[in-house]
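Peer 1: One structure, as structure tokens, below. Some questions next.
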Amino acid sequence: MSDAITHEAHHHGPPTGAKRWLYSTNHKDIGTMYLIFALIMLFLGGAMAMVIRAELWMPGLQLVEPDFFNNLVTNHALIMVFAVVMPAGVGLANWMIPLMIGAPDMAMPRMNNMSFWLLPPAAILLVLSMIVPFFGGGQTVNTGWTLYPPLSIQSGMGMDFLIFTVHILGVSSIMGSINIITTIINMRAPGMNMMKMPIFVWSWFFTALLLIVIMPVFAGGVTMLLFDRHFGTSFFDAAGGGDPVLFQHIFWFFGHPEVYVLLLPSIGVLGMIIPTFSRKPLFGYKSLVYGMAVLYGLGLIVWAHHQYTIGMSIETTTYFMIGTILISIPVGLMIFNFIFTLWKGSITFETPMLFALAIILMFSFAGTTGVMLAVVPADLQYHDTYFVVAHFHYALIPGSLFGLYAAVFFWMPKWTGHMYNERLGKIFFWWTTIGFNLTFFPQHFSGLAGMPRRIVDYNMIFTEFNVMSSVGAFAFGLSHLLFLYIIIKTVKGGEKATTEVWDGSSIGYAGLEWTVPSPPPFHTFEKAPVVK
Amino acid sequence: MTIETNSQTVFGHRRTIKWLLILAVGMFGFGFAMVPLYKLVCSVTGWNSIDSNSAQASTADISQEIDLDRTVTVTFDGTINAGLPWEFKPLVRKLEVTPGKSYKADFYVKNYSNREIVGQAIPGITPWQGTEHFHKTECFCFTQQTLAAGESRVMPLRFTVDARLPKEIKFLTLSYTLMDTDRSALKANAGLVKH
Amino acid sequence: MHLKRESKLRLATVGGLFVLSNSAVAEYGLNLVEPASEITRSVFDLHMLTAKLAFYISVIITVLVVYILVKYRRSSGAEADMQMHKGKFGVFSWLLVPIIVLGIDLSIAGPGTKTLHQVERHVDAELTVKVTGSQWKWTYDYLDNDVRVVSNLQEHEPNEPGYLRSVDKLFVLPVDTNIRFLHTATDVLHAWWVPAIAIKKDSIPGYIHETSTRITKEGTYYGQCAENCGTGHAYMPIVVQVVSKEKFNDWVALKTAEASAAAAEASADKVWSKEDLMARGEELYVKNCVACHQVNGEGIPPVFPALKGSAIATGAVADHLDVVIKGKAGTAMAAWGGQLNDLEVAAIVTYERNAWGNDAGDLVQPADVKSAR
């Protein structure tokens, strides 16, 4: 290609109509589609959570049958993990990574298009998996997202739908990950060497690498499940020489690192937001990068702490316990670095910063309950109770979802060219944070009092905790309507955003996104910028 | 962008993608490799698993030493898996055994249904430390059991508790679960609605 | 429904949430269930240690962050120290974290490992009970005495304290006795969990696991299935009645006598009256058959056929007995021959042939069943 052709080919504006989106190879458009998809699925998954909480509002069966309830539990988890947090993270990566490192687009724009357009069919399958039992599709998938056999062998057609969903999502996220890593390795602007990259880019580098390692294993695991269900194999069936516990090992080999897939992008977002609003360079950049690498490594070898009750030997459980407790080191390091970025800063409290601060507090709390859970004998009591539910919601809602909200508020002015309404943003923050804590804090206690997870109904001794949880959940759920309103309002108009957007945005290891106008033109960095 | 950087980038892309694809495909293979790996790890370390509990002991595994200073109480037990219309029970509930000596214990099984059923017995040993020290030299669990309608049978087990069994373990339990090799019974159970 | 309205009212009037009596807050405070055995006591102490550490760490982090936010807020005129991350502290402070965190970790891992060894310690069991989880009930086999207790949910209304916490047959255990539980399952995963007296291990079909305990206090302890087992997961509670050793021995003697009496009754060549058979038959039918064939005998076609007016229940006795004793291939109909004695089969079959307007009119006696086997 000559200079002239490149120039000409790239100089028209965005195509119009449906074609712009269907055939899009533009990282910004694809990023937008990912984010919108995640937002839609957030409302779907959230609606399921609302039904769950409404059912658990009081003892007695209120709304739904036990099987449908557990199907909701299964699909709520799968939607939130695979259709909300992961796509939203990939959406952020699509939008921001090329802008941050000064690349004109993702490395493989067409593959990028395909990895997005695999998502809607997967989402349809996911929803269908809940609907087919009503039309003679057999037993619902009442297993929870862990899909443990033999229960998952009993499930009907919905289970097969879920297996194919996982396959499609797996292919999508592996393609997305390959794209992201290739972009990061090969397409940085001259001068943007690896140790100068914004921490968000680093976080996605590890996330993508982790996805490539774990997604195929999970795909393999569910494929074996599919074979066991329909083709007479016995991978997990004791009667034919298989072992149901093996599935648990495969699942958690994927499932534990998956938590870090959800978490790391948000850690990256924090690494951008906290310096900006402290007006002070990120403290401990190197140790954050190495910390993420250590987290990556440790995350891959501690999976069996989800299965302490399966009767492993003392040596094995001790190993997994020690490994798990050691995770507190890299996580502690991250919290430490964020706190010392604040130290001696000049701090202001815009909405993204409020979220970031809440994440530091609530996520470190989740970390401490995580250490409690890591201790084997104590876990033999906590295992499969609401204490676990409370723990992982404290880890995942602040740790990943709030990170995404923070990112949306942080970068929305860049994406849309408009400032969001700060007052509404703050109201949303307080509303959602209080709602969240009211929902999940009491669940620690209901778990300790002996309430197992995945039950549709309970004795009246657990009532108040559940009433609190339900009230909190409805507040938490409702707050998202405000979130939607803020987004729509900001897209439509508002105060014009400057190129830098935030006065501290270019401090420290900032990305190049703050050097392009807000909103950025359809094509950016056609000529690679030079980083000093 | 100049021609040089462009082609360099494309070359770089290819190399990166190649390695990442190899990694992804390799990990997909690893998922399946976990099946034999799991069995291998369990058999080498003697971890508690269906495979290591089901293994037939070769004479090489068994220490020839006989420990006359102690006895171990072995409890026998049988469980019928859902949907299998068989009766299954140990004919001896308990046996005091001397580690290193070989013993025999019989199990009774009867098919109550009006059809032929192929069953498979899955042994489990507890505590888990016992797994690698409980050697079955002859066991009905090594093969499938086919019982005609109404047929009953006494099934033999011959075993040795290894003298290397840790001293603090004085009780071992060998529990069999009999399963129907036709798994449709398990699925049929799923439809039951109780509430 | 009644409960819902009433509770809402109460909640609304008092404006608080802590008003329901018999609540978890009232019963347990905000902590793990009060332990009633040595092993759960140790686990409880370990839990208190880690919980305290978790609490202190959270408080320290919160106080530190709040202090920083107040002190270094821009509105107070704070200016950022742009060189801090390049100073000595910035370069070497990362070493601090592993040292501090490792210290905390080790202070947890030590007691954790110690308690783990205690959990896995082998004591000479004086009593061994096999606990079997099935969809959706618990079966307790006292292996030393050949006593079996099948424990099903006892139905209650949601506003009754016993809702989802009562069973038809209690699980009775002696106090101050070394008890070993063997855990297994017959269909899918289950987990037998009574937090006050024992830690949990999964019940996995094909596996056998053991836990042990020594209960130190008499009383009634509650628990339920902790590992998701499908539709009835919320409906398989556990109630353990812990009694003195003497009472326990009496109970075992009673159970053994009951079992042998039932066996003797069934095998005796007694001829039963229609009323007796119908009464027993109804009770047994409700316990064993209604899940599929329903109380009204209409089943859930096409999966579970109706018995009301069916060819089997109104046809030849021999065919009817055959299906009940031997099951029906390729369907969910199990063979009950192994589980029910002659008298029980006779009662159920008699009931099915004479209930819901079925008018076969004939009586089936235990002797008929015996010859049909």
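Within each chain, counting starts at residue 1; across the structure tokens, chains are named A, B, ... in the order shown, with ligands numbered 1 upward in that order.
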Determine, for each residue of chain B having at least one atom at most 6 Å from an atom of chain A, the closest pair of atoms and their separation in Å to one decimal, counting only C-alpha atoms; order by chain and ascending number, as a tab-separated table.

Peer 2:
```
residue	atom	partner	partner_atom	distance
B:His13	CA	A:Thr182	CA	6.0
B:Thr16	CA	A:Thr182	CA	5.9
B:Ala24	CA	A:Ile212	CA	5.3
B:Met27	CA	A:Pro216	CA	5.6
B:Phe28	CA	A:Pro216	CA	4.3
B:Gly31	CA	A:Val217	CA	4.2
B:Gln120	CA	A:Ala239	CA	5.9
B:Met179	CA	A:Ala239	CA	5.7
B:Thr181	CA	A:Ala239	CA	5.6
B:Lys187	CA	A:Gln154	CA	4.7
B:Ala190	CA	A:Gln154	CA	5.6
```

Peer 1: May I have the residues from that selection written out with C-alpha atoms, as a tab-separated table (two decimals), in the first residue's frame?

Peer 2:
```tsv
chain	number	residue	atom	x	y	z
B	13	HIS	CA	1.04	-10.03	13.84
B	16	THR	CA	2.15	-13.36	17.69
B	24	ALA	CA	-5.20	-21.83	22.83
B	27	MET	CA	-4.93	-25.61	26.34
B	28	PHE	CA	-8.01	-27.14	24.70
B	31	GLY	CA	-8.56	-29.86	29.11
B	120	GLN	CA	-21.10	-51.90	37.99
B	179	MET	CA	-24.78	-48.47	39.60
B	181	THR	CA	-24.66	-49.10	33.56
B	187	LYS	CA	-32.11	-39.09	34.17
B	190	ALA	CA	-34.95	-35.73	37.37
```

Peer 1: Just want the 10 Å neighbourhood of Gly361 (chain C), counted on only C-alpha atoms, with same-chain residues fewer than 6 positions away dropped. Output as a PyMOL selection string.

Peer 2: chain C and resi 274+314+350-351+353-355

Peer 1: Show me a table, sorted first by chain and then by increasing residue number, of the residues of chain A having an atom at most 6 Å from chain C, each with its shortest atom pair and the distance in Å to one decimal, counting only C-alpha atoms and written as CSV.

Peer 2:
```
residue,atom,partner,partner_atom,distance
A:Pro59,CA,C:Pro158,CA,5.6
A:Gly60,CA,C:Pro158,CA,5.1
A:Pro66,CA,C:Thr231,CA,5.6
A:Asp67,CA,C:Thr231,CA,5.2
A:Asn142,CA,C:Gly230,CA,5.8
A:Pro150,CA,C:Val188,CA,5.1
A:Leu151,CA,C:Val188,CA,5.5
A:Lys280,CA,C:Met82,CA,5.6
A:Phe283,CA,C:His85,CA,5.1
A:Thr309,CA,C:Lys201,CA,4.6
A:Ile310,CA,C:Asp202,CA,5.5
A:Ile329,CA,C:Pro98,CA,5.5
A:Leu333,CA,C:Val97,CA,5.8
A:Lys344,CA,C:Ala80,CA,5.6
A:Gly345,CA,C:Ala80,CA,4.1
A:Ser346,CA,C:Arg74,CA,4.6
A:Ile347,CA,C:Arg73,CA,4.4
A:Thr348,CA,C:Arg74,CA,5.9
A:Phe365,CA,C:Ser58,CA,5.6
A:Thr368,CA,C:Ala54,CA,4.8
A:Met372,CA,C:Thr50,CA,5.5
A:Val375,CA,C:Gly112,CA,5.7
A:Pro377,CA,C:Leu116,CA,5.4
A:Ala378,CA,C:Val43,CA,5.6
A:Leu380,CA,C:Ile199,CA,5.5
A:Gln381,CA,C:Ile199,CA,5.7
A:Asp384,CA,C:Ala226,CA,5.9
A:Phe445,CA,C:Leu30,CA,5.6
A:Leu448,CA,C:Leu32,CA,4.5
A:Ala449,CA,C:Val33,CA,5.6
A:Pro452,CA,C:Ala226,CA,5.3
A:Ile455,CA,C:Ala234,CA,4.8
A:Asn459,CA,C:Tyr163,CA,5.5
A:Ile461,CA,C:Ser23,CA,3.8
A:Phe462,CA,C:Ala24,CA,5.6
A:Glu464,CA,C:Leu17,CA,5.9
```

Peer 1: Show me a table, sorted first by chain and then by increasing residue number, of the residues of chain C having an atom at most 8 Å from chain B, each with its shortest atom pair and the distance in Å to one decimal, counting only C-alpha atoms and written as JSON lines.

Peer 2:
```
{"residue": "C:His122", "atom": "CA", "partner": "B:Ile169", "partner_atom": "CA", "distance": 6.2}
{"residue": "C:Asp124", "atom": "CA", "partner": "B:Lys170", "partner_atom": "CA", "distance": 7.1}
{"residue": "C:Ser134", "atom": "CA", "partner": "B:Ala82", "partner_atom": "CA", "distance": 7.8}
{"residue": "C:Leu143", "atom": "CA", "partner": "B:Arg93", "partner_atom": "CA", "distance": 7.9}
{"residue": "C:Ala185", "atom": "CA", "partner": "B:Asn81", "partner_atom": "CA", "distance": 7.8}
{"residue": "C:Thr186", "atom": "CA", "partner": "B:Asn81", "partner_atom": "CA", "distance": 4.4}
{"residue": "C:Asp187", "atom": "CA", "partner": "B:Ala82", "partner_atom": "CA", "distance": 5.4}
{"residue": "C:Pro205", "atom": "CA", "partner": "B:Thr177", "partner_atom": "CA", "distance": 7.3}
{"residue": "C:Gly206", "atom": "CA", "partner": "B:Thr177", "partner_atom": "CA", "distance": 5.4}
{"residue": "C:Tyr207", "atom": "CA", "partner": "B:Gly124", "partner_atom": "CA", "distance": 5.0}
{"residue": "C:Ile208", "atom": "CA", "partner": "B:Gly124", "partner_atom": "CA", "distance": 5.2}
{"residue": "C:His209", "atom": "CA", "partner": "B:Thr126", "partner_atom": "CA", "distance": 5.8}
{"residue": "C:Glu210", "atom": "CA", "partner": "B:Pro127", "partner_atom": "CA", "distance": 6.4}
{"residue": "C:Thr231", "atom": "CA", "partner": "B:Val193", "partner_atom": "CA", "distance": 7.3}
{"residue": "C:Gly232", "atom": "CA", "partner": "B:Lys194", "partner_atom": "CA", "distance": 7.1}
{"residue": "C:Ala291", "atom": "CA", "partner": "B:Lys194", "partner_atom": "CA", "distance": 5.4}
{"residue": "C:Cys292", "atom": "CA", "partner": "B:Leu192", "partner_atom": "CA", "distance": 6.4}
{"residue": "C:Ile325", "atom": "CA", "partner": "B:Tyr112", "partner_atom": "CA", "distance": 7.1}
{"residue": "C:Lys326", "atom": "CA", "partner": "B:Ser113", "partner_atom": "CA", "distance": 3.9}
{"residue": "C:Gly327", "atom": "CA", "partner": "B:Ser113", "partner_atom": "CA", "distance": 5.9}
{"residue": "C:Lys328", "atom": "CA", "partner": "B:Ser113", "partner_atom": "CA", "distance": 7.7}
{"residue": "C:Ala329", "atom": "CA", "partner": "B:Arg115", "partner_atom": "CA", "distance": 7.1}
{"residue": "C:Gly330", "atom": "CA", "partner": "B:Ser184", "partner_atom": "CA", "distance": 7.8}
{"residue": "C:Thr331", "atom": "CA", "partner": "B:Ala188", "partner_atom": "CA", "distance": 7.2}
{"residue": "C:Ala332", "atom": "CA", "partner": "B:Ala188", "partner_atom": "CA", "distance": 5.4}
{"residue": "C:Ala334", "atom": "CA", "partner": "B:Gly83", "partner_atom": "CA", "distance": 6.0}
{"residue": "C:Ala335", "atom": "CA", "partner": "B:Pro85", "partner_atom": "CA", "distance": 4.9}
{"residue": "C:Trp336", "atom": "CA", "partner": "B:Pro85", "partner_atom": "CA", "distance": 7.1}
{"residue": "C:Gly337", "atom": "CA", "partner": "B:Tyr112", "partner_atom": "CA", "distance": 6.0}
{"residue": "C:Gly338", "atom": "CA", "partner": "B:Glu87", "partner_atom": "CA", "distance": 5.6}
```

Peer 1: What's the 8 Å shell around Phe402 (chain A), counting only C-alpha atoms, without same-chain residues fewer than 2 positions away, as a ChimeraX atom specification?

Peer 2: /A:266,355-356,359,397-400,404-406

Peer 1: Find the distance between CA of Ile62 (chain B) and CA of Gln144 (chain B) and write it in Å to one decimal.

Peer 2: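 Value for the CA of Ile62 (chain B)-CA of Gln144 (chain B) distance: 24.9 Å.
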
Peer 1: Output as number ranges by chain all residues of region 11-188 of chain A that backbone DSSP marks as helix (DSSP H, G or I).

Peer 2: A: 17-22, 27-55, 66-101, 109-117, 119-135, 151-154, 157-186

Peer 1: Counting only C-alpha atoms, what is within 12 Å of Glu65 (chain B), bar same-chain residues fewer than 6 positions away, as a ChimeraX atom specification?

Peer 2: /B:98-102,160-165

Peer 1: When DSSP works through the backbone of this structure, what residues of region 2-219 of chain C end up as strand (DSSP E or B), shown as an NGL selection string?

Peer 2: :C and (37 or 73 or 127-134 or 137-142 or 147-151 or 153 or 167 or 171-174 or 178-185 or 190-191 or 202-203 or 209-215 or 219)
